[in-house]
Structure formats: C-alpha cells, structure tokens
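File shown: entry24.cif (mmCIF, C-alpha atoms and all ligand atoms).
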```
data_coords
loop_
_atom_site.label_atom_id
_atom_site.label_comp_id
_atom_site.auth_asym_id
_atom_site.auth_seq_id
_atom_site.Cartn_x
_atom_site.Cartn_y
_atom_site.Cartn_z
CA MET E 7 145.14 100.41 123.98
CA ILE E 8 142.08 98.46 122.83
CA PRO E 9 140.41 96.64 125.74
CA ASP E 10 140.46 92.83 125.56
CA CYS E 11 136.69 92.64 125.61
CA LEU E 12 136.50 94.71 122.40
CA ILE E 13 139.13 92.57 120.66
CA LEU E 14 137.16 89.48 121.67
CA TRP E 15 133.99 91.17 120.47
CA GLU E 16 135.45 91.88 117.01
CA ARG E 17 136.76 88.32 116.68
CA SER E 18 133.55 86.70 117.76
CA LEU E 19 131.41 89.10 115.72
CA ALA E 20 132.45 87.23 112.64
CA ILE E 21 131.45 83.93 114.26
CA ASP E 22 127.98 84.78 115.55
CA ALA E 23 127.16 88.45 115.64
CA VAL E 24 123.61 88.04 116.88
CA ALA E 25 124.74 85.81 119.74
CA GLN E 26 127.21 88.54 120.73
CA VAL E 27 124.48 91.15 120.82
CA GLU E 28 122.32 88.80 122.88
CA LYS E 29 125.23 88.27 125.26
CA ILE E 30 125.65 92.03 125.81
CA LEU E 31 122.00 92.21 126.82
CA HIS E 32 122.02 89.02 128.84
CA ASP E 33 125.19 89.83 130.82
CA PHE E 34 123.83 93.23 131.83
CA TRP E 35 120.42 91.75 132.67
CA ALA E 36 122.14 89.12 134.85
CA SER E 37 124.55 91.40 136.70
CA ALA E 38 123.29 95.00 136.83
CA PRO E 39 121.97 95.95 140.29
CA GLY E 40 119.31 98.07 138.57
CA ASN E 41 117.48 94.96 137.36
CA SER E 42 115.55 94.78 140.61
CA LEU E 43 112.03 95.31 141.90
CA GLN E 44 113.68 96.94 144.95
CA LEU E 45 111.99 94.47 147.28
CA PRO E 46 113.62 92.85 150.35
CA SER E 47 113.60 89.54 148.39
CA GLY E 48 116.12 91.03 145.95
CA GLU E 49 114.23 89.56 143.00
CA LYS E 50 114.88 90.77 139.48
CA ALA E 51 112.50 93.11 137.71
CA TRP E 52 112.46 91.05 134.51
CA GLY E 53 112.92 87.66 132.94
CA ALA E 54 115.78 87.15 130.47
CA PRO E 55 115.79 89.44 127.40
CA ARG E 56 114.92 88.25 123.88
CA VAL E 57 116.23 89.92 120.74
CA ALA E 58 114.93 90.47 117.19
CA ILE E 59 116.63 92.49 114.45
CA ALA E 60 115.28 94.60 111.58
CA ARG E 61 117.02 96.26 108.65
CA GLY E 62 117.11 100.04 108.87
CA ASP E 63 115.57 100.36 105.41
CA ASP E 64 112.66 98.00 106.03
CA PRO E 65 109.73 99.65 104.18
CA LEU E 66 107.53 99.14 107.25
CA PHE E 67 109.37 101.96 109.04
CA LEU E 68 108.03 104.36 106.39
CA ARG E 69 104.62 102.69 106.57
CA ASN E 70 104.59 103.34 110.36
CA LYS E 71 105.39 106.99 109.67
CA GLU E 72 102.40 107.19 107.28
CA LEU E 73 100.15 105.54 109.86
CA ILE E 74 101.24 107.49 112.94
CA GLY E 75 102.53 110.83 111.66
CA ASP E 76 105.48 112.47 109.96
CA PHE E 77 107.01 113.19 113.38
CA LEU E 78 107.80 109.46 113.85
CA TRP E 79 111.54 108.90 113.33
CA THR E 80 112.89 106.34 110.92
CA PRO E 81 116.04 104.52 112.14
CA ALA E 82 118.12 106.70 109.78
CA GLN E 83 116.66 109.89 111.28
CA ALA E 84 117.37 108.74 114.83
CA TYR E 85 120.93 107.79 113.86
CA ALA E 86 121.50 111.18 112.19
CA LEU E 87 120.27 112.98 115.31
CA ALA E 88 122.69 111.02 117.50
CA PHE E 89 125.72 111.29 115.20
CA PRO E 90 125.45 114.58 113.28
CA HIS E 91 129.25 114.69 112.88
CA LEU E 92 129.50 111.24 111.22
CA PRO E 93 128.87 110.48 107.52
CA ARG E 94 125.28 109.38 106.99
CA PRO E 95 125.11 105.71 106.12
CA ALA E 96 122.48 104.33 103.76
CA ALA E 97 119.46 103.17 105.78
CA GLY E 98 120.23 99.60 104.67
CA GLN E 99 123.56 99.76 106.52
CA LEU E 100 121.71 100.21 109.80
CA ARG E 101 120.15 97.53 111.97
CA VAL E 102 117.51 98.02 114.64
CA ILE E 103 118.06 95.75 117.62
CA SER E 104 114.70 95.33 119.33
CA TYR E 105 114.52 93.48 122.62
CA LEU E 106 111.85 92.51 125.11
CA LEU E 107 111.96 91.91 128.85
CA PRO E 108 109.26 89.51 130.10
CA GLN E 109 107.47 90.03 133.40
CA THR E 110 108.49 87.43 136.01
CA PRO E 111 106.15 84.57 137.04
CA GLU E 112 105.74 86.20 140.49
CA THR E 113 104.70 89.54 139.00
CA LEU E 114 102.25 87.84 136.63
CA ALA E 115 100.70 85.79 139.46
CA ASP E 116 100.16 88.91 141.59
CA GLN E 117 98.76 90.96 138.72
CA ARG E 118 96.30 88.21 137.73
CA ARG E 119 94.64 88.53 141.14
CA GLU E 120 93.99 92.26 140.67
CA THR E 121 90.85 93.65 139.04
CA ALA E 122 91.04 97.43 139.53
CA MET E 123 94.56 98.48 140.58
CA PRO E 124 97.99 97.22 139.56
CA ALA E 125 99.74 94.78 141.87
CA GLU E 126 102.77 96.03 143.78
CA ARG E 127 105.24 93.96 141.75
CA TRP E 128 103.68 95.25 138.52
CA ALA E 129 103.92 98.87 139.68
CA ARG E 130 107.53 98.27 140.69
CA SER E 131 108.43 96.74 137.32
CA ARG E 132 106.84 99.72 135.57
CA PHE E 133 108.88 102.14 137.68
CA HIS E 134 112.16 100.53 138.79
CA GLY E 135 112.08 98.05 135.89
CA GLU E 136 111.74 100.81 133.32
CA GLU E 137 114.61 102.71 134.95
CA PHE E 138 116.69 99.57 134.40
CA ASN E 139 115.41 99.33 130.83
CA CYS E 140 116.72 102.85 130.20
CA GLU E 141 120.12 101.79 131.58
CA LEU E 142 120.03 98.71 129.37
CA ARG E 143 119.31 100.75 126.22
CA LEU E 144 122.29 103.01 126.96
CA HIS E 145 124.52 100.08 127.90
CA VAL E 146 123.89 98.23 124.63
CA ALA E 147 124.40 101.39 122.56
CA GLY E 148 127.58 102.21 124.50
CA VAL E 149 129.19 98.76 124.12
CA LEU E 150 128.44 98.66 120.39
CA THR E 151 129.71 102.21 119.84
CA ARG E 152 132.95 101.53 121.72
CA ALA E 153 133.41 98.40 119.58
CA GLY E 154 133.36 100.57 116.44
CA HIS E 155 129.66 100.26 115.56
CA PRO E 156 128.01 103.63 116.29
CA ALA E 157 124.73 102.96 118.05
CA VAL E 158 121.96 105.01 119.60
CA ALA E 159 118.98 104.26 121.81
CA PRO E 160 116.43 106.63 120.20
CA GLU E 161 114.16 106.62 123.24
CA ARG E 162 117.05 108.13 125.24
CA LEU E 163 117.70 111.03 122.84
CA ALA E 164 117.01 114.51 124.18
CA ASP E 165 114.51 115.06 121.35
CA PHE E 166 112.43 112.01 122.25
CA ASP E 167 108.94 113.36 122.82
CA TYR E 168 105.21 112.88 122.52
CA ARG E 169 103.12 114.43 119.76
CA ARG E 170 99.54 114.21 118.54
CA SER E 171 98.94 111.62 115.83
CA PRO E 172 95.92 112.40 113.62
CA ARG E 173 94.93 108.74 113.81
CA PHE E 174 96.15 107.54 117.20
CA GLY E 175 96.12 110.61 119.45
CA LEU E 176 99.09 110.99 121.80
CA ALA E 177 102.08 109.16 120.27
CA SER E 178 105.85 109.25 120.71
CA ASN E 179 108.33 109.99 117.95
CA TRP E 180 109.99 106.60 118.52
CA SER E 181 107.61 103.71 119.15
CA GLU E 182 109.19 100.63 120.74
CA ARG E 183 106.07 98.62 119.90
CA HIS E 184 106.15 99.50 116.21
CA VAL E 185 109.89 98.82 116.06
CA ALA E 186 109.33 95.42 117.68
CA PHE E 187 106.60 94.68 115.13
CA VAL E 188 108.95 95.46 112.23
CA ALA E 189 111.71 93.36 113.81
CA GLY E 190 109.51 90.27 113.96
CA HIS E 191 108.77 90.13 117.70
CA GLY E 192 104.99 90.04 117.22
CA THR E 193 101.81 91.83 116.19
CA PHE E 194 99.30 94.18 117.76
CA GLY E 195 96.28 93.00 119.71
CA LEU E 196 92.80 94.38 120.31
CA SER E 197 94.21 96.29 123.29
CA ASP E 198 96.96 97.91 121.13
CA ALA E 199 99.64 96.04 123.11
CA LEU E 200 102.13 93.94 121.17
CA ILE E 201 101.52 90.19 121.29
CA THR E 202 105.01 88.67 121.14
CA ARG E 203 106.19 85.07 121.19
CA TRP E 204 106.61 85.65 124.93
CA GLY E 205 103.19 87.25 125.26
CA GLN E 206 101.93 90.75 125.92
CA ALA E 207 103.28 91.08 129.44
CA VAL E 208 106.68 92.39 128.38
CA ARG E 209 108.59 95.67 128.28
CA LEU E 210 110.35 96.72 125.07
CA GLY E 211 113.50 98.60 124.14
CA SER E 212 115.63 99.18 121.05
CA VAL E 213 118.93 100.41 119.67
CA VAL E 214 119.81 101.59 116.14
CA CYS E 215 123.32 100.59 115.08
CA ARG E 216 125.56 100.82 112.04
CA ILE E 217 126.44 97.14 111.85
CA ASP E 218 125.87 94.16 109.60
CA LEU E 219 123.65 91.69 111.43
CA PRO E 220 121.34 89.04 109.99
CA VAL E 221 117.71 90.07 110.18
CA THR E 222 115.04 88.16 112.09
CA GLU E 223 112.38 86.52 109.92
CA ARG E 224 109.02 88.30 110.25
CA VAL E 225 106.77 85.29 109.94
CA TYR E 226 103.55 87.36 109.87
CA GLY E 227 104.67 89.46 106.90
CA GLU E 228 103.01 92.88 107.06
CA ASP E 229 99.87 91.87 108.96
CA TYR E 230 99.75 94.19 111.98
CA HIS E 231 97.17 92.01 113.80
CA ALA E 232 97.99 88.44 112.73
CA TRP E 233 98.47 87.07 116.27
CA CYS E 234 95.33 88.52 117.88
CA LEU E 235 92.43 86.06 118.17
CA TRP E 236 89.89 88.85 117.82
CA HIS E 237 91.37 90.21 114.62
CA ALA E 238 92.19 86.79 113.14
CA LYS E 239 89.08 84.83 114.12
CA GLY E 240 86.57 87.16 115.77
CA THR E 241 86.96 85.30 119.07
CA CYS E 242 88.45 86.01 122.53
CA GLY E 243 88.10 89.63 123.64
CA ALA E 244 89.56 88.61 127.03
CA CYS E 245 91.62 91.81 127.32
CA ALA E 246 88.41 93.86 127.01
CA LYS E 247 86.89 91.97 129.95
CA ARG E 248 89.98 92.65 132.08
CA CYS E 249 89.80 96.43 131.73
CA PRO E 250 88.00 97.87 134.78
CA ILE E 251 86.70 100.93 132.92
CA GLY E 252 85.71 99.43 129.56
CA ALA E 253 88.51 101.19 127.68
CA ILE E 254 88.78 98.20 125.31
CA THR E 255 85.81 97.05 123.25
CA THR E 256 85.51 94.59 120.38
CA ARG E 257 83.72 97.32 118.43
CA ASP E 258 86.21 100.19 118.79
CA GLY E 259 89.39 98.57 120.11
CA HIS E 260 91.45 100.55 122.62
CA ASP E 261 90.18 103.94 123.82
CA LYS E 262 93.54 105.56 124.46
CA GLN E 263 92.08 108.69 126.03
CA ALA E 264 89.96 106.79 128.57
CA CYS E 265 92.90 104.51 129.39
CA PHE E 266 95.25 107.46 129.84
CA LYS E 267 92.75 109.25 132.09
CA TYR E 268 92.22 106.22 134.34
CA ILE E 269 95.95 105.69 134.69
CA ARG E 270 96.70 109.36 135.31
CA ASP E 271 93.79 109.99 137.71
CA VAL E 272 93.48 106.65 139.47
CA THR E 273 96.18 103.98 139.16
CA ALA E 274 99.27 106.22 139.15
CA PRO E 275 98.21 108.14 142.31
CA TYR E 276 97.22 104.82 143.92
CA ALA E 277 100.64 103.30 143.18
CA ALA E 278 102.44 106.40 144.45
CA ARG E 279 100.38 106.40 147.65
CA THR E 280 100.40 102.67 148.29
CA TYR E 281 103.74 101.43 146.96
CA GLY E 282 105.79 104.63 146.79
CA THR E 283 106.41 104.15 143.06
CA GLY E 284 106.27 106.68 140.23
CA ALA E 285 105.46 106.19 136.52
CA THR E 286 102.09 105.17 135.11
CA PRO E 287 101.25 101.56 135.93
CA CYS E 288 98.06 99.66 135.08
CA GLY E 289 98.42 96.68 132.68
CA LEU E 290 95.41 94.78 134.06
CA CYS E 291 94.49 93.99 130.43
CA GLN E 292 97.88 92.30 129.88
CA VAL E 293 97.33 89.32 132.19
CA ASN E 294 94.79 86.51 132.55
CA ILE E 295 94.39 86.47 128.78
CA PRO E 296 95.32 83.85 126.16
CA CYS E 297 98.21 86.02 124.91
CA GLU E 298 99.65 86.82 128.35
CA ARG E 299 102.82 84.71 128.04
CA ARG E 300 102.75 83.53 124.43
CA ALA E 301 101.13 84.23 121.10
CA PRO E 302 97.85 82.28 120.80
CA THR E 303 98.33 78.73 119.56
CA GLY E 304 97.68 78.26 115.87
CA LEU E 305 98.30 81.88 114.89
CA SER E 306 102.07 82.28 115.27
S1 LIG H 401 93.38 88.90 124.84
FE1 LIG H 401 92.49 88.03 122.96
S2 LIG H 401 91.50 89.78 121.93
FE2 LIG H 401 92.90 90.63 123.49
S3 LIG H 401 94.81 90.99 122.38
FE3 LIG H 401 94.98 88.93 123.26
S4 LIG H 401 94.24 87.54 121.64
FE4 LIG H 401 93.57 89.63 121.08
S1 LIG H 402 96.02 99.73 130.76
FE1 LIG H 402 94.27 100.94 130.02
S2 LIG H 402 93.12 99.50 128.73
FE2 LIG H 402 94.50 98.26 130.01
S3 LIG H 402 93.30 97.74 131.84
FE3 LIG H 402 94.39 99.63 132.34
S4 LIG H 402 92.94 101.27 131.80
FE4 LIG H 402 92.21 99.41 130.79
#
```
Represent the supplied structure as structure tokens.
Amino acid sequence: MIPDCLILWERSLAIDAVAQVEKILHDFWASAPGNSLQLPSGEKAWGAPRVAIARGDDPLFLRNKELIGDFLWTPAQAYALAFPHLPRPAAGQLRVISYLLPQTPETLADQRRETAMPAERWARSRFHGEEFNCELRLHVAGVLTRAGHPAVAPERLADFDYRRSPRFGLASNWSERHVAFVAGHGTFGLSDALITRWGQAVRLGSVVCRIDLPVTERVYGEDYHAWCLWHAKGTCGACAKRCPIGAITTRDGHDKQACFKYIRDVTAPYAARTYGTGATPCGLCQVNIPCERRAPTGLS
C-alpha cells in the first residue's frame, strides 16, 4: 500500500514542487532531535534551511571539473554511482537540490567575540550540526526516492573522498560550495567561502534527484566572485583581518595549506580538549565581516 504522505506528495508536486522539497527539509529541520547543539538549553544547531535548484546538465558543472580536477563528479556521475541498476537518465533530467543551514544568532554572537579559537557554539555546530546535516542529506534523498524520484546525497556515497587538485590542493570529489554556486545560492569570496544571500556563516548540503523541478535563477551568471567586495571593487578584506594566522591575504587569497595546518594542529585539538567536540572547527574569518549574514549591499 502506498503511504498517504507519498500520495499527498505526488498530488502536491504538480501544484508547487519546490515548496514540497522545501517542506521536506523544513519539517526535518524543525522536528529531528539531531538538529541540536547538544547544550542544556536544547537550542537548535541551525537556522531554517534555504533551497536553490540547478539543472543536472548546467555547463558550470563541467567547468568546475575543469577548474578543480577530473575527479570531481558531475551530478550524472554521482547519480550513476548511486543507482547502477537503473537506466541512466540524460543529465538534463536530473536536478541538484542545494540547501544551506544558517548559523544561529547566538552562535554568531559568540564567534564574533573570538579572535584565535572557535567559540563553543561554533565548534558544536561544526560537529553535532554537521552530523545533523548528514542525516538531513539522507532524509531528503530517502523521501524523494520513496516518492518515485530516485535521489542521492553524493557527499554520503561510500566513494566520497578527497584528492589533490592541481590548482586548489586538497579537494573533495563532490564540492557542496561549487554545487551551491551553480544552483544560484551565491559566489565565492576572498576567503574561498561561499557568500550566499544569507551570508558566509552557513553550512551546505545537496541531493541529486531524477525529478522535474524549476531551476533557481542564477543572478550573477557565471561570475565566481561577483558578491565579494574585494573582487568586485577592491575594497573590504575584512575576512583577511579576522584570520589569526594570516592565511588570507588580498594578494594571494586563501592559503589552504596554512589554514588546514592551523585547524589540524591548533583549533581542532583545542575544541576536543575544551568542548569535547570532534571535527575541524575554526571559521573565525566567517564572522564580523560585511558578508557574515548577507551578500554585501549593492552587489547581489
Ligand atoms: S569579508 Fe569582504 S573581502 Fe572577505 S569575502 Fe566578504 S566581502 Fe569579500
Ligand atoms: S578558517 Fe582558516 S582562513 Fe579562516 S580564520 Fe581559520 S585559519 Fe584563518
């Protein structure tokens, strides 16, 4: 027997498919116990999710592959890995649902006060919040698949991995930031983080699905840096001033190696020791900047 929720889903899909996808995300965000900083206050790890959608055959997915390395999956490659037994759809029959989870006002306020180590709430969102994000990816893919629209969260595939990009150094074979850029969420900043309509202080996730959904308008076209004040106007550089080790400069941008080393050797052990969290938190460059909670005025 087909569950009522799936019948309702199919009926309402015709009415407003994007709103249905947003509802899947929102309901899980609102009710899942995992969306928690695991503090006595019981507060959530994230603000409400926001969704943007790209076509699976958007030429920018191939452009990203050229930029980063041949190891980077296209949506069609990720789909084929997840569903080897199903007929391969044309890339244009796929949609990439990219979502973001904003940091909460409390987490932002705490992190703004820090200058060398991540705040406790920030470390908790990076650890417990990302665990929830992994649940959310699988939940969205599961609901869509059960409704007859095969869907995969590429970041959750067993083959998800990190490789060496000739141009960018260590890079994963599915980049949530690059997917979000293609989907219209925002553009890259001097610090390499994505500046979205809801700022840089967000966590990203995505799902590839065989479904017909309207695509989000990408108002910045193919400009990878349109919403960064430094790239657009030669001003700002606030993220560089926030980095305690000078891993961001207006001359060379983001020094990924130096950043990685500081996080691995200093902030991650500090967070483990002090807050009992895992993962690799830092993010000092993502707050107290003009693009913390929104794209800079006049550029987006
Ligand atoms: S803080 Fe300024 S320079 Fe840094 S990413 Fe944001 S807009 Fe660009
Ligand atoms: S995340 Fe990296 S670039 Fe940003 S403040 Fe920390 S060390 Fe600096």
Closest-contact table, chain E side, partner ligand LIG 401 (chain H), 9 Å, counting all atoms listed in the file, as a tab-separated table:
```
residue	atom	partner	partner_atom	distance
E:Phe194	CA	H:LIG401	S3	7.2
E:Gly195	CA	H:LIG401	S3	3.7
E:Leu196	CA	H:LIG401	S3	4.5
E:Ser197	CA	H:LIG401	S3	5.4
E:Asp198	CA	H:LIG401	S3	7.4
E:Ala199	CA	H:LIG401	S3	7.0
E:Leu200	CA	H:LIG401	S3	8.0
E:Ile201	CA	H:LIG401	S3	6.8
E:Gly205	CA	H:LIG401	FE3	8.6
E:Gln206	CA	H:LIG401	FE3	7.7
E:His231	CA	H:LIG401	FE4	8.5
E:Trp233	CA	H:LIG401	S4	6.9
E:Cys234	CA	H:LIG401	FE4	3.8
E:Leu235	CA	H:LIG401	S4	4.2
E:Trp236	CA	H:LIG401	S2	4.5
E:His237	CA	H:LIG401	FE4	6.8
E:Ala238	CA	H:LIG401	FE4	8.5
E:Gly240	CA	H:LIG401	S2	8.3
E:Thr241	CA	H:LIG401	S2	7.0
E:Cys242	CA	H:LIG401	FE1	4.5
E:Gly243	CA	H:LIG401	S2	3.8
E:Ala244	CA	H:LIG401	S1	4.4
E:Cys245	CA	H:LIG401	FE2	4.2
E:Ala246	CA	H:LIG401	FE2	6.6
E:Lys247	CA	H:LIG401	S1	8.8
E:Arg248	CA	H:LIG401	S1	8.8
E:Ile254	CA	H:LIG401	FE2	8.8
E:Thr256	CA	H:LIG401	S2	7.8
E:Cys291	CA	H:LIG401	S1	7.6
E:Gln292	CA	H:LIG401	S1	7.6
E:Val293	CA	H:LIG401	S1	8.4
E:Asn294	CA	H:LIG401	S1	8.2
E:Ile295	CA	H:LIG401	S1	4.7
E:Pro296	CA	H:LIG401	S1	5.6
E:Cys297	CA	H:LIG401	FE3	4.7
E:Glu298	CA	H:LIG401	FE3	7.2
E:Ala301	CA	H:LIG401	S4	7.7
E:Pro302	CA	H:LIG401	S4	6.4
```
Output as JSON the centre and edge lengths (Å, one decimal) of the box along x, y and z of the file that holds every listed atom of ligand LIG 402 (chain H) after adding 6 Å on each side.
```
{"center_x": 94.1, "center_y": 99.5, "center_z": 130.5, "size_x": 15.8, "size_y": 15.5, "size_z": 15.6}
```
Checklist line | Spatial neighbours of Val158 in chain E, max dist 9 Å, all atoms listed in the file, sep filter under 5 positions, as a PyMOL selection string | finding: chain E and resi 84-85+88-89+143-144+146-148+151+163+212-215
Margin query: Taking only C-alpha atoms and all ligand atoms into account, list the residues no farther than 7 Å from ligand LIG 402 (chain H), as a list in words.
Written below: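 Using only C-alpha atoms and all ligand atoms, I find these residues within 7 Å of ligand LIG 402 (chain H): Ser197, Arg248, Cys249, Pro250, Ile251, Gly252, Ala253, Ile254, His260, Cys265, Phe266, Tyr268, Ile269, Cys288, Gly289, Leu290, Cys291 and Gln292 of chain E.
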Kindly provide the residues of range 158-178 of chain E that approach range 57-72 of chain E to within 12 Å, each paired with its closest atom pair and their distance in Å to one decimal, based on all atoms listed in the file, listed by chain and increasing number, as CSV.
```
residue,atom,partner,partner_atom,distance
E:Ser171,CA,E:Lys71,CA,10.0
E:Pro172,CA,E:Glu72,CA,10.5
E:Arg173,CA,E:Glu72,CA,10.0
E:Phe174,CA,E:Asn70,CA,11.6
E:Ala177,CA,E:Lys71,CA,11.3
E:Ser178,CA,E:Lys71,CA,11.3
```
Include C-alpha atoms and write out the residues we just selected as a PDB file, keeping the file's coordinate frame.
```pdb
ATOM      1  CA  SER E 171      98.940 111.620 115.830  1.00  0.00           C
ATOM      2  CA  PRO E 172      95.920 112.400 113.620  1.00  0.00           C
ATOM      3  CA  ARG E 173      94.930 108.740 113.810  1.00  0.00           C
ATOM      4  CA  PHE E 174      96.150 107.540 117.200  1.00  0.00           C
ATOM      5  CA  ALA E 177     102.080 109.160 120.270  1.00  0.00           C
ATOM      6  CA  SER E 178     105.850 109.250 120.710  1.00  0.00           C
TER       7      SER E 178
END
```
Check: So how many Å separate CA of Arg127 in chain E and CA of Leu43 in chain E, to one decimal?
Finding: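 Distance reported for this atom pair: 6.9 Å.
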Shell of 9 Å around Gln44 in chain E, all atoms listed in the file, local chain residues under 6 positions omitted, as a PDB file with C-alpha atoms, in the frame of the given file:
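As written to disk, part_7.pdb reads:
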```pdb
ATOM      1  CA  LYS E  50     114.880  90.770 139.480  1.00  0.00           C
ATOM      2  CA  ALA E  51     112.500  93.110 137.710  1.00  0.00           C
ATOM      3  CA  ARG E 130     107.530  98.270 140.690  1.00  0.00           C
ATOM      4  CA  HIS E 134     112.160 100.530 138.790  1.00  0.00           C
TER       5      HIS E 134
END
```
Next item on the list: Considering all atoms listed in the file, state which residue in the set E:Tyr230, E:Trp79, E:Trp52, E:Tyr281 is at the smallest distance from Thr110 in chain E.
Entry: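 Distance minimum relative to Thr110 in chain E lands on E:Trp52.
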Note to self: Taking all atoms listed in the file into account, name the residue in E:Ala159, E:Leu142, E:Leu150, E:Ala129 that is nearest to Thr273 in chain E.
What the structure shows: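 Ranking E:Ala159, E:Leu142, E:Leu150, E:Ala129 by distance to Thr273 in chain E, first place goes to E:Ala129.
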Notebook entry, point to check: Taking into account only C-alpha atoms, which residue in the set E:Ala122, E:Val225, E:Ile217, E:Pro156 is nearest to Gly98 in chain E?
Noted result: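 Residue with the minimum atom-to-atom distance to Gly98 in chain E: E:Ile217.
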Item checked: Atom pair CA of Ala189 in chain E / CA of Ser104 in chain E: separation (Å) ->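 Result for CA of Ala189 in chain E versus CA of Ser104 in chain E: 6.6 Å, one decimal.
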Notebook entry, point to check: From the set E:Phe77, E:Trp204, E:Tyr276, E:Phe166, which residue has the shortest atom-to-atom contact distance to Tyr105 in chain E, counting only C-alpha atoms?
Noted result: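 For Tyr105 in chain E, the nearest of the candidates is E:Trp204.
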Margin query: What's around Glu112 in chain E at 10 Å? Count only C-alpha atoms, leave out sequence neighbours fewer than 3 positions away in its own chain, and write the answer as a PyMOL selection string.
Written below: chain E and resi 49+109+115-117+127-128
Selection export as an mmCIF file, in the coordinates of the input, atoms kept: C-alpha atoms:
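out_18.cif written:
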```cif
data_model
loop_
_atom_site.group_PDB
_atom_site.id
_atom_site.type_symbol
_atom_site.label_atom_id
_atom_site.label_comp_id
_atom_site.auth_asym_id
_atom_site.auth_seq_id
_atom_site.Cartn_x
_atom_site.Cartn_y
_atom_site.Cartn_z
ATOM 1 C CA GLU E 49 114.230 89.560 143.000
ATOM 2 C CA GLN E 109 107.470 90.030 133.400
ATOM 3 C CA ALA E 115 100.700 85.790 139.460
ATOM 4 C CA ASP E 116 100.160 88.910 141.590
ATOM 5 C CA GLN E 117 98.760 90.960 138.720
ATOM 6 C CA ARG E 127 105.240 93.960 141.750
ATOM 7 C CA TRP E 128 103.680 95.250 138.520
#
```
Checklist line | One-decimal distance in Å that lies between CA of Glu141 in chain E and CA of Arg162 in chain E | finding: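 So the two atoms, CA of Arg162 in chain E and CA of Glu141 in chain E, lie 9.5 Å apart.
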Next item on the list: Anything within 7 Å of (100.8, 104.8, 133.6): list those residues as a PyMOL selection string, counting all atoms listed in the file and sticking to the file's coordinates.
Entry: chain E and resi 269-270+274+285-288
With only C-alpha atoms as the counted atoms, please give the residues lying no more than 8 Å from Ala82 in chain E, apart from itself and same-chain residues fewer than 6 positions off, as a short mmCIF file (atom, residue, chain, number, x, y, z; two decimals) with C-alpha atoms, in the frame of the given file.
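Written out: out.cif:
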```cif
data_model
loop_
_atom_site.label_atom_id
_atom_site.label_comp_id
_atom_site.auth_asym_id
_atom_site.auth_seq_id
_atom_site.Cartn_x
_atom_site.Cartn_y
_atom_site.Cartn_z
CA GLY E 62 117.11 100.04 108.87
CA PRO E 95 125.11 105.71 106.12
CA ALA E 96 122.48 104.33 103.76
CA ALA E 97 119.46 103.17 105.78
CA LEU E 100 121.71 100.21 109.80
#
```
